[in-house]
Every structure is written in structure tokens, then in C-alpha cells.
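Asker: Just run.cif, nothing more (mmCIF, C-alpha atoms):
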data_model
loop_
_atom_site.group_PDB
_atom_site.id
_atom_site.type_symbol
_atom_site.label_atom_id
_atom_site.label_comp_id
_atom_site.auth_asym_id
_atom_site.auth_seq_id
_atom_site.Cartn_x
_atom_site.Cartn_y
_atom_site.Cartn_z
ATOM 1 C CA MET A 1 -158.485 -127.585 30.528
ATOM 2 C CA ALA A 2 -156.224 -127.080 33.548
ATOM 3 C CA GLN A 3 -156.295 -129.883 36.075
ATOM 4 C CA LYS A 4 -157.974 -128.706 39.252
ATOM 5 C CA LEU A 5 -155.229 -130.007 41.574
ATOM 6 C CA ALA A 6 -152.259 -128.916 39.460
ATOM 7 C CA GLY A 7 -149.404 -127.760 41.693
ATOM 8 C CA LYS A 8 -150.841 -129.451 44.797
ATOM 9 C CA ILE A 9 -148.979 -132.046 46.862
ATOM 10 C CA ALA A 10 -150.949 -134.781 48.589
ATOM 11 C CA VAL A 11 -150.166 -137.394 51.230
ATOM 12 C CA VAL A 12 -152.533 -140.366 51.503
ATOM 13 C CA THR A 13 -152.165 -143.064 54.141
ATOM 14 C CA ALA A 14 -153.089 -146.713 53.494
ATOM 15 C CA SER A 15 -153.224 -145.983 49.789
ATOM 16 C CA THR A 16 -152.029 -149.085 47.944
ATOM 17 C CA ASP A 17 -155.417 -150.808 47.837
ATOM 18 C CA GLY A 18 -159.142 -150.170 48.094
ATOM 19 C CA ILE A 19 -160.484 -146.716 48.902
ATOM 20 C CA GLY A 20 -157.055 -145.269 49.656
ATOM 21 C CA TYR A 21 -155.641 -146.364 46.296
ATOM 22 C CA ALA A 22 -158.663 -145.011 44.427
ATOM 23 C CA ILE A 23 -158.260 -141.669 46.204
ATOM 24 C CA ALA A 24 -154.540 -141.454 45.449
ATOM 25 C CA GLU A 25 -155.157 -142.348 41.810
ATOM 26 C CA ARG A 26 -157.879 -139.713 41.402
ATOM 27 C CA LEU A 27 -155.846 -136.963 43.092
ATOM 28 C CA ALA A 28 -152.943 -137.713 40.751
ATOM 29 C CA GLN A 29 -155.227 -137.855 37.701
ATOM 30 C CA ASP A 30 -156.504 -134.409 38.680
ATOM 31 C CA GLY A 31 -152.962 -133.030 38.706
ATOM 32 C CA ALA A 32 -151.631 -133.497 42.239
ATOM 33 C CA LYS A 33 -148.257 -134.943 43.112
ATOM 34 C CA VAL A 34 -149.062 -137.787 45.496
ATOM 35 C CA VAL A 35 -147.160 -139.638 48.210
ATOM 36 C CA ILE A 36 -148.741 -143.052 48.724
ATOM 37 C CA SER A 37 -148.021 -145.387 51.609
ATOM 38 C CA SER A 38 -148.623 -148.834 53.041
ATOM 39 C CA ARG A 39 -147.162 -151.071 55.726
ATOM 40 C CA LYS A 40 -145.547 -153.426 53.193
ATOM 41 C CA GLN A 41 -142.860 -152.535 50.647
ATOM 42 C CA THR A 42 -144.220 -155.023 48.110
ATOM 43 C CA ASN A 43 -147.623 -153.313 48.183
ATOM 44 C CA VAL A 44 -146.013 -149.873 47.829
ATOM 45 C CA ASP A 45 -143.913 -151.005 44.872
ATOM 46 C CA ALA A 46 -146.868 -152.595 43.088
ATOM 47 C CA ALA A 47 -149.090 -149.528 43.541
ATOM 48 C CA VAL A 48 -146.376 -147.095 42.441
ATOM 49 C CA LYS A 49 -145.723 -149.164 39.315
ATOM 50 C CA LYS A 50 -149.424 -149.257 38.480
ATOM 51 C CA LEU A 51 -149.870 -145.509 38.968
ATOM 52 C CA LYS A 52 -146.707 -144.590 37.084
ATOM 53 C CA SER A 53 -147.917 -146.696 34.162
ATOM 54 C CA GLN A 54 -150.630 -144.026 33.834
ATOM 55 C CA LYS A 55 -147.920 -141.325 33.736
ATOM 56 C CA LEU A 56 -149.003 -140.087 37.163
ATOM 57 C CA ASP A 57 -146.585 -138.206 39.431
ATOM 58 C CA VAL A 58 -146.363 -140.370 42.564
ATOM 59 C CA VAL A 59 -143.820 -141.660 45.042
ATOM 60 C CA GLY A 60 -144.330 -144.410 47.596
ATOM 61 C CA VAL A 61 -143.050 -145.009 51.090
ATOM 62 C CA VAL A 62 -143.525 -147.719 53.696
ATOM 63 C CA CYS A 63 -145.536 -146.315 56.587
ATOM 64 C CA HIS A 64 -147.048 -148.147 59.523
ATOM 65 C CA VAL A 65 -148.938 -145.189 60.960
ATOM 66 C CA GLY A 66 -148.599 -146.634 64.464
ATOM 67 C CA LYS A 67 -144.820 -146.136 64.317
ATOM 68 C CA LYS A 68 -143.502 -142.633 64.980
ATOM 69 C CA GLU A 69 -140.445 -143.070 62.772
ATOM 70 C CA ASP A 70 -142.635 -144.183 59.857
ATOM 71 C CA ARG A 71 -144.946 -141.188 60.261
ATOM 72 C CA GLU A 72 -141.955 -138.846 60.332
ATOM 73 C CA ASN A 73 -140.502 -140.499 57.230
ATOM 74 C CA LEU A 74 -143.813 -140.168 55.394
ATOM 75 C CA VAL A 75 -143.897 -136.422 56.002
ATOM 76 C CA ALA A 76 -140.184 -136.029 55.250
ATOM 77 C CA THR A 77 -140.617 -137.845 51.932
ATOM 78 C CA ALA A 78 -143.283 -135.376 50.804
ATOM 79 C CA ILE A 79 -141.068 -132.426 51.751
ATOM 80 C CA GLU A 80 -137.905 -133.847 50.191
ATOM 81 C CA LYS A 81 -139.497 -135.109 46.972
ATOM 82 C CA TYR A 82 -142.055 -132.392 46.316
ATOM 83 C CA GLY A 83 -141.308 -129.447 48.628
ATOM 84 C CA GLY A 84 -144.430 -129.272 50.773
ATOM 85 C CA ILE A 85 -147.874 -130.645 51.601
ATOM 86 C CA ASP A 86 -151.226 -129.165 50.553
ATOM 87 C CA ILE A 87 -153.546 -132.149 50.978
ATOM 88 C CA PHE A 88 -153.632 -134.830 53.657
ATOM 89 C CA VAL A 89 -155.983 -137.804 53.479
ATOM 90 C CA SER A 90 -156.032 -139.902 56.651
ATOM 91 C CA ASN A 91 -157.285 -143.283 55.495
ATOM 92 C CA ALA A 92 -155.412 -145.833 57.630
ATOM 93 C CA ALA A 93 -157.640 -147.963 59.855
ATOM 94 C CA VAL A 94 -157.801 -151.396 61.441
ATOM 95 C CA ASN A 95 -160.527 -153.637 62.773
ATOM 96 C CA PRO A 96 -159.051 -156.639 64.634
ATOM 97 C CA PHE A 97 -162.360 -157.423 66.355
ATOM 98 C CA PHE A 98 -165.690 -158.693 64.992
ATOM 99 C CA GLY A 99 -168.506 -159.568 67.392
ATOM 100 C CA PRO A 100 -170.647 -158.174 70.247
ATOM 101 C CA ILE A 101 -168.950 -155.077 71.653
ATOM 102 C CA LEU A 102 -168.620 -156.318 75.243
ATOM 103 C CA ASP A 103 -166.619 -159.286 73.974
ATOM 104 C CA CYS A 104 -163.899 -156.937 72.735
ATOM 105 C CA THR A 105 -160.599 -157.289 74.583
ATOM 106 C CA GLU A 106 -158.742 -154.316 75.991
ATOM 107 C CA SER A 107 -155.834 -154.910 73.617
ATOM 108 C CA ALA A 108 -158.110 -154.935 70.557
ATOM 109 C CA TRP A 109 -159.886 -151.784 71.777
ATOM 110 C CA ASP A 110 -156.545 -150.020 72.277
ATOM 111 C CA LYS A 111 -155.286 -151.015 68.833
ATOM 112 C CA ILE A 112 -158.456 -149.775 67.126
ATOM 113 C CA PHE A 113 -158.284 -146.371 68.799
ATOM 114 C CA ASP A 114 -154.510 -146.040 68.467
ATOM 115 C CA ILE A 115 -154.589 -146.565 64.711
ATOM 116 C CA ASN A 116 -157.986 -145.175 63.754
ATOM 117 C CA VAL A 117 -157.997 -142.027 65.907
ATOM 118 C CA LYS A 118 -154.694 -141.291 67.649
ATOM 119 C CA THR A 119 -152.460 -141.628 64.595
ATOM 120 C CA ALA A 120 -154.787 -139.441 62.513
ATOM 121 C CA PHE A 121 -154.350 -136.742 65.157
ATOM 122 C CA LEU A 122 -150.574 -137.195 65.340
ATOM 123 C CA LEU A 123 -150.178 -137.009 61.569
ATOM 124 C CA CYS A 124 -152.237 -133.823 61.505
ATOM 125 C CA LYS A 125 -149.872 -132.373 64.129
ATOM 126 C CA ASP A 126 -146.879 -133.254 61.942
ATOM 127 C CA ILE A 127 -148.382 -132.031 58.675
ATOM 128 C CA VAL A 128 -150.142 -128.796 59.674
ATOM 129 C CA PRO A 129 -146.914 -126.736 60.021
ATOM 130 C CA HIS A 130 -146.024 -127.597 56.431
ATOM 131 C CA MET A 131 -149.491 -126.581 55.225
ATOM 132 C CA GLN A 132 -149.108 -123.290 57.088
ATOM 133 C CA LYS A 133 -145.929 -122.557 55.150
ATOM 134 C CA ARG A 134 -147.903 -122.906 51.912
ATOM 135 C CA GLY A 135 -150.714 -120.624 53.061
ATOM 136 C CA GLY A 136 -153.300 -123.279 53.808
ATOM 137 C CA GLY A 137 -154.441 -126.744 52.866
ATOM 138 C CA SER A 138 -157.105 -129.405 52.998
ATOM 139 C CA ILE A 139 -157.361 -132.326 55.423
ATOM 140 C CA ILE A 140 -159.796 -135.155 54.750
ATOM 141 C CA LEU A 141 -160.305 -137.688 57.531
ATOM 142 C CA VAL A 142 -161.874 -140.964 56.437
ATOM 143 C CA SER A 143 -164.611 -141.894 58.888
ATOM 144 C CA SER A 144 -167.424 -144.354 58.120
ATOM 145 C CA ILE A 145 -171.185 -144.651 57.965
ATOM 146 C CA GLY A 146 -170.596 -146.845 61.033
ATOM 147 C CA GLY A 147 -169.620 -143.681 62.879
ATOM 148 C CA TYR A 148 -173.283 -142.683 62.593
ATOM 149 C CA GLU A 149 -174.957 -146.067 62.895
ATOM 150 C CA PRO A 150 -172.684 -148.542 64.722
ATOM 151 C CA SER A 151 -172.777 -152.089 63.470
ATOM 152 C CA ALA A 152 -173.873 -154.691 66.005
ATOM 153 C CA LEU A 153 -170.765 -156.741 65.199
ATOM 154 C CA MET A 154 -168.297 -153.886 64.602
ATOM 155 C CA GLY A 155 -169.004 -151.744 67.654
ATOM 156 C CA PRO A 156 -165.451 -150.710 68.642
ATOM 157 C CA TYR A 157 -164.546 -149.875 65.041
ATOM 158 C CA SER A 158 -167.752 -147.863 64.684
ATOM 159 C CA VAL A 159 -167.100 -145.928 67.890
ATOM 160 C CA SER A 160 -163.586 -145.101 66.680
ATOM 161 C CA LYS A 161 -165.090 -143.692 63.503
ATOM 162 C CA THR A 162 -167.499 -141.567 65.570
ATOM 163 C CA ALA A 163 -164.398 -140.240 67.321
ATOM 164 C CA VAL A 164 -162.933 -139.310 63.925
ATOM 165 C CA LEU A 165 -166.008 -137.145 63.318
ATOM 166 C CA GLY A 166 -165.306 -135.451 66.650
ATOM 167 C CA LEU A 167 -161.626 -135.007 65.789
ATOM 168 C CA LYS A 168 -162.639 -133.201 62.608
ATOM 169 C CA LYS A 169 -164.845 -130.781 64.524
ATOM 170 C CA ALA A 170 -162.151 -130.139 67.140
ATOM 171 C CA LEU A 171 -159.460 -129.452 64.530
ATOM 172 C CA VAL A 172 -161.622 -126.947 62.668
ATOM 173 C CA HIS A 173 -161.417 -124.405 65.523
ATOM 174 C CA GLN A 174 -157.633 -124.152 65.438
ATOM 175 C CA LEU A 175 -157.008 -124.722 61.751
ATOM 176 C CA SER A 176 -159.587 -122.416 60.160
ATOM 177 C CA PRO A 177 -157.573 -119.228 60.890
ATOM 178 C CA MET A 178 -154.652 -120.940 59.116
ATOM 179 C CA ASN A 179 -156.783 -121.420 55.973
ATOM 180 C CA ILE A 180 -156.657 -125.177 56.507
ATOM 181 C CA ARG A 181 -159.983 -126.841 55.849
ATOM 182 C CA VAL A 182 -160.953 -130.094 57.599
ATOM 183 C CA ASN A 183 -163.671 -132.385 56.316
ATOM 184 C CA CYS A 184 -164.650 -136.042 56.573
ATOM 185 C CA LEU A 185 -165.528 -138.735 54.102
ATOM 186 C CA ALA A 186 -167.909 -141.340 55.523
ATOM 187 C CA PRO A 187 -168.100 -144.361 53.206
ATOM 188 C CA GLY A 188 -170.860 -146.894 53.529
ATOM 189 C CA LEU A 189 -170.342 -150.482 52.426
ATOM 190 C CA ILE A 190 -167.668 -150.358 49.721
ATOM 191 C CA LYS A 191 -166.317 -153.427 47.916
ATOM 192 C CA THR A 192 -162.790 -153.713 49.321
ATOM 193 C CA ARG A 193 -160.692 -156.408 50.981
ATOM 194 C CA PHE A 194 -161.245 -154.589 54.286
ATOM 195 C CA SER A 195 -165.013 -155.178 54.108
ATOM 196 C CA GLU A 196 -165.077 -158.568 52.389
ATOM 197 C CA ALA A 197 -166.566 -160.321 55.427
ATOM 198 C CA LEU A 198 -169.702 -158.263 54.773
ATOM 199 C CA TRP A 199 -170.048 -158.955 51.050
ATOM 200 C CA LYS A 200 -168.341 -162.247 50.144
ATOM 201 C CA ASP A 201 -170.985 -164.418 51.766
ATOM 202 C CA PRO A 202 -174.365 -164.117 49.940
ATOM 203 C CA ASP A 203 -176.349 -164.134 53.199
ATOM 204 C CA ASN A 204 -174.165 -161.417 54.715
ATOM 205 C CA MET A 205 -174.440 -159.454 51.479
ATOM 206 C CA LYS A 206 -178.230 -159.616 51.534
ATOM 207 C CA LEU A 207 -178.286 -158.447 55.139
ATOM 208 C CA ALA A 208 -175.731 -155.699 54.537
ATOM 209 C CA THR A 209 -177.551 -154.185 51.557
ATOM 210 C CA GLN A 210 -181.092 -154.207 52.928
ATOM 211 C CA ASN A 211 -180.591 -150.696 54.347
ATOM 212 C CA ILE A 212 -178.964 -149.317 51.180
ATOM 213 C CA LYS A 213 -181.512 -147.439 49.089
ATOM 214 C CA LEU A 214 -179.558 -147.890 45.848
ATOM 215 C CA GLY A 215 -179.639 -151.635 46.483
ATOM 216 C CA ARG A 216 -175.951 -152.356 45.958
ATOM 217 C CA ILE A 217 -172.567 -151.843 47.566
ATOM 218 C CA GLY A 218 -170.249 -149.090 46.427
ATOM 219 C CA LYS A 219 -166.977 -149.080 44.528
ATOM 220 C CA PRO A 220 -163.761 -147.454 45.814
ATOM 221 C CA GLU A 221 -163.671 -144.986 42.933
ATOM 222 C CA GLU A 222 -167.077 -143.691 44.009
ATOM 223 C CA CYS A 223 -165.336 -142.252 47.088
ATOM 224 C CA ALA A 224 -162.385 -140.797 45.198
ATOM 225 C CA GLY A 225 -164.083 -137.962 43.343
ATOM 226 C CA ILE A 226 -165.500 -136.564 46.584
ATOM 227 C CA VAL A 227 -162.020 -136.364 48.100
ATOM 228 C CA SER A 228 -160.642 -134.677 44.991
ATOM 229 C CA PHE A 229 -163.459 -132.129 45.181
ATOM 230 C CA LEU A 230 -162.835 -131.443 48.870
ATOM 231 C CA SER A 231 -159.129 -130.993 48.101
ATOM 232 C CA SER A 232 -159.748 -128.474 45.330
ATOM 233 C CA ASP A 233 -160.535 -124.781 45.134
ATOM 234 C CA ASP A 234 -164.097 -125.774 44.219
ATOM 235 C CA ALA A 235 -164.486 -126.539 47.945
ATOM 236 C CA SER A 236 -162.646 -123.433 49.176
ATOM 237 C CA PHE A 237 -165.569 -122.394 51.424
ATOM 238 C CA ILE A 238 -166.287 -125.890 52.764
ATOM 239 C CA THR A 239 -164.963 -126.993 56.135
ATOM 240 C CA ASP A 240 -166.332 -128.963 59.108
ATOM 241 C CA GLU A 241 -168.503 -131.079 56.808
ATOM 242 C CA THR A 242 -168.916 -134.826 56.374
ATOM 243 C CA ILE A 243 -169.942 -136.285 53.040
ATOM 244 C CA LYS A 244 -171.519 -139.709 53.287
ATOM 245 C CA VAL A 245 -170.992 -142.039 50.328
ATOM 246 C CA SER A 246 -173.374 -144.798 51.313
ATOM 247 C CA GLY A 247 -175.969 -145.366 48.602
ATOM 248 C CA GLY A 248 -178.615 -143.730 50.768
ATOM 249 C CA ALA A 249 -178.129 -145.926 53.828
ATOM 250 C CA SER A 250 -179.924 -144.437 56.814
ATOM 251 C CA SER A 251 -177.587 -142.625 59.184
ATOM 252 C CA GLN A 252 -178.119 -140.296 62.108
ATOM 253 C CA LEU A 253 -175.763 -139.265 64.879
#
For the structure just supplied, provide its representation as C-alpha cells.
Answerer:
Amino acid sequence: MAQKLAGKIAVVTASTDGIGYAIAERLAQDGAKVVISSRKQTNVDAAVKKLKSQKLDVVGVVCHVGKKEDRENLVATAIEKYGGIDIFVSNAAVNPFFGPILDCTESAWDKIFDINVKTAFLLCKDIVPHMQKRGGGSIILVSSIGGYEPSALMGPYSVSKTAVLGLKKALVHQLSPMNIRVNCLAPGLIKTRFSEALWKDPDNMKLATQNIKLGRIGKPEECAGIVSFLSSDDASFITDETIKVSGGASSQL
């Protein structure tokens, strides 16, 4: 059976660990050529080695999405190595603040919005012309269930993820005539290093899962198949949608 992403070229930010790694792995398993990235060379090297051990077609590049030269190099690597870009998954995010929202400093607020929202927009600007040359593409912005129901202790991060939902809707107007689809993935509580403060401590874990109807936290690979679907021709008539992978956690915007 032909792989559903055969011939496609994907770029995934923050993809050497957690949800980003699982997404990159699944896209490659489904036939895509994938450019993975991370801020640290050691992480890139380790992830590339692990993926290549599965005979997957991947290359890795260091990319701090907050640095213009790194963003440009990420895009250039995809063009030079593979000849284009069909799929872009914006997964990079930070959360330097944990506590009541009004305790957040201006510098922490700026960093959250610079990385979580602004760089997603700037990378879309850089990548869209290359998708146009290939007749279309698929952009998946990684938001969060917190974008619907802000956490009491992760308010700024949650608001940034609400902004990502708005960015998706704004991009759809301009990109639809180019045959570029834009959708969001909104994970709930997934077992990653990024979220370990919410699941490592048993008391925090009990509190965090009380709103999850399936009664457990998710795994990174449970997000990956959704992104592969949204990147494929199976989703060719799907744009401006958000798929929540949250175990049934209540969410309403």
C-alpha cells in the first residue's frame, strides 16, 4: 500500500522530543521527508540518529525559532536537501512562568508571545512562498486545550495558545486561494518533559486528570496520527479546524 505522505516534504519545529518528535516520526513513517529541529545540536543529532535507525528519511538542523538567522536556515535546509516544503508543523513553545497571571513579569509575557505566537507567524511568512511553488500545502499550528480553558497557574501560556487559534483563522483567509490549508492541533495534558510539573507529583496528577473523561493523561504519539491525517490528501477539504486531543477534557472558547 502506498504511503499517504509519499513525495511530501515536512518541516517540524521543536521536534527532537515529546509531541514534536512523535509528529516528525509519524510523518516520516507515512512517507514524508522530514526536517527536524531543536535549539541544541546534541538533541538534533540524537533524534536524527534514532529516526534514521528506522530507515526514515530525515535531516536535522539547529533552530532557535526566536532567531531570524535560524528560521532562515531551517527553511533553506528543506529547500536545499529536499527541494521544497509541503507540510509545516509549528510546535515550538515556551512557558517561563508558572503562577497567578498578574504575577507574570513583562519580560516573561514578551518571551511567551514572541516564541509561541510571533515566530509561528514569521515562519509561515517564510514558508508559504515555497508551498505556493508546489501548488499548495498544509500548515498545522500546535495550540493547546489551555487555549480554550486557561489554567489558573499557566495564564500567559494559555492566552498565547488562544492567540494561535486566532492566527489560524486569520491565515485561512489569505492562504485558502493558494490551496494551503491551515488547521490546529490542541493537545490536552500529554506526558512530556514540557508538562512534567503537572504529572510528576501525584497530587498534581490527581488534580490535573479530574477533568479528563478518559481518566488518564495522553501520550505524544496520540497527537501524531492527527497531524499526519491533516497533512494528507485524506484531509484535502479540511481547513480552519482545530482538533482537540484531550481525553474528553471540557473545553469551550
Asker: Pick out the closest residue to Gly155 (chain A) from this set: A:Leu189, A:Ala78, A:Cys104, A:Ile23. Count all atoms listed in the file.
Answerer: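 Between A:Leu189, A:Ala78, A:Cys104, A:Ile23, the residue approaching Gly155 (chain A) most closely is A:Cys104.
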Asker: Between CA of Ser144 (chain A) and CA of Lys161 (chain A), measure the distance and give it in Å to one decimal.
Answerer: 5.9 Å
Asker: Enter the distance from CA of Arg71 (chain A) to CA of Ser90 (chain A), in Å, rounded to one decimal.
Answerer: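 Straight-line distance from CA of Arg71 (chain A) to CA of Ser90 (chain A) works out to 11.7 Å.
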Asker: Expressed in Å to a single decimal, how great is the separation between CA of Phe113 (chain A) and CA of Glu221 (chain A)?
Answerer: 26.5 Å
Asker: Using only C-alpha atoms, find the one residue out of A:Gly135, A:Gly99, A:Pro177, A:Gly60 that sits nearest to Ala152 (chain A).
Answerer: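 With only C-alpha atoms as the atom set, the closest residue is A:Gly99.
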Asker: Would you please work out which residue, of A:Leu185, A:Ala108, A:Val61, A:Leu214, is nearest to Gly247 (chain A) when using all atoms listed in the file?
Answerer: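 Of A:Leu185, A:Ala108, A:Val61, A:Leu214, the one nearest Gly247 (chain A) is A:Leu214, counting all atoms listed in the file.
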Asker: Measuring between all atoms listed in the file, which one of A:Asp45, A:Asp103, A:Asp30, A:Asp114 shows the shortest distance to Val62 (chain A)?
Answerer: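 Looking only at the distances to Val62 (chain A), the closest residue turns out to be A:Asp45.
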Asker: So which residues get picked by the PyMOL selection byres ((chain A and resi 88) around 9) here, written as an MDAnalysis selection string?
Answerer: chainID A and resid 9:13 85:87 89:90 123:124 127 137:141 231
Asker: Write out N, CA and C atoms for region 42-67 of chain A, as a short mmCIF file (atom, residue, chain, number, x, y, z; two decimals), keeping the file's coordinate frame.
Answerer:
data_model
loop_
_atom_site.label_atom_id
_atom_site.label_comp_id
_atom_site.auth_asym_id
_atom_site.auth_seq_id
_atom_site.Cartn_x
_atom_site.Cartn_y
_atom_site.Cartn_z
N THR A 42 -143.73 -154.40 49.34
CA THR A 42 -144.22 -155.02 48.11
C THR A 42 -145.50 -154.35 47.62
N ASN A 43 -146.38 -153.99 48.56
CA ASN A 43 -147.62 -153.31 48.18
C ASN A 43 -147.35 -151.91 47.65
N VAL A 44 -146.39 -151.22 48.28
CA VAL A 44 -146.01 -149.87 47.83
C VAL A 44 -145.45 -149.95 46.41
N ASP A 45 -144.54 -150.88 46.19
CA ASP A 45 -143.91 -151.00 44.87
C ASP A 45 -144.94 -151.31 43.78
N ALA A 46 -145.85 -152.22 44.08
CA ALA A 46 -146.87 -152.60 43.09
C ALA A 46 -147.79 -151.42 42.75
N ALA A 47 -148.19 -150.67 43.77
CA ALA A 47 -149.09 -149.53 43.54
C ALA A 47 -148.39 -148.41 42.78
N VAL A 48 -147.13 -148.14 43.14
CA VAL A 48 -146.38 -147.10 42.44
C VAL A 48 -146.22 -147.47 40.97
N LYS A 49 -145.89 -148.71 40.70
CA LYS A 49 -145.72 -149.16 39.32
C LYS A 49 -147.02 -148.99 38.52
N LYS A 50 -148.13 -149.36 39.15
CA LYS A 50 -149.42 -149.26 38.48
C LYS A 50 -149.80 -147.80 38.19
N LEU A 51 -149.54 -146.93 39.15
CA LEU A 51 -149.87 -145.51 38.97
C LEU A 51 -148.93 -144.84 37.97
N LYS A 52 -147.66 -145.17 38.03
CA LYS A 52 -146.71 -144.59 37.08
C LYS A 52 -146.97 -145.05 35.66
N SER A 53 -147.58 -146.23 35.50
CA SER A 53 -147.92 -146.70 34.16
C SER A 53 -148.96 -145.79 33.51
N GLN A 54 -149.67 -145.01 34.34
CA GLN A 54 -150.63 -144.03 33.83
C GLN A 54 -149.99 -142.65 33.67
N LYS A 55 -148.67 -142.59 33.82
CA LYS A 55 -147.92 -141.32 33.74
C LYS A 55 -148.30 -140.36 34.85
N LEU A 56 -148.64 -140.91 36.01
CA LEU A 56 -149.00 -140.09 37.16
C LEU A 56 -147.77 -139.82 38.01
N ASP A 57 -147.74 -138.64 38.65
CA ASP A 57 -146.58 -138.21 39.43
C ASP A 57 -146.77 -138.65 40.88
N VAL A 58 -146.21 -139.81 41.23
CA VAL A 58 -146.36 -140.37 42.56
C VAL A 58 -145.03 -140.91 43.07
N VAL A 59 -144.90 -140.94 44.38
CA VAL A 59 -143.82 -141.66 45.04
C VAL A 59 -144.46 -142.48 46.15
N GLY A 60 -143.78 -143.54 46.55
CA GLY A 60 -144.33 -144.41 47.60
C GLY A 60 -143.36 -144.60 48.73
N VAL A 61 -143.88 -144.81 49.91
CA VAL A 61 -143.05 -145.01 51.09
C VAL A 61 -143.75 -145.99 52.03
N VAL A 62 -142.96 -146.83 52.68
CA VAL A 62 -143.52 -147.72 53.70
C VAL A 62 -143.89 -146.89 54.92
N CYS A 63 -145.11 -147.05 55.39
CA CYS A 63 -145.54 -146.32 56.59
C CYS A 63 -146.56 -147.12 57.37
N HIS A 64 -146.13 -147.61 58.52
CA HIS A 64 -147.05 -148.15 59.52
C HIS A 64 -147.39 -146.95 60.40
N VAL A 65 -148.61 -146.45 60.29
CA VAL A 65 -148.94 -145.19 60.96
C VAL A 65 -148.81 -145.26 62.48
N GLY A 66 -148.77 -146.48 63.02
CA GLY A 66 -148.60 -146.63 64.46
C GLY A 66 -147.17 -146.45 64.92
N LYS A 67 -146.23 -146.30 63.98
CA LYS A 67 -144.82 -146.14 64.32
C LYS A 67 -144.39 -144.70 64.06
#
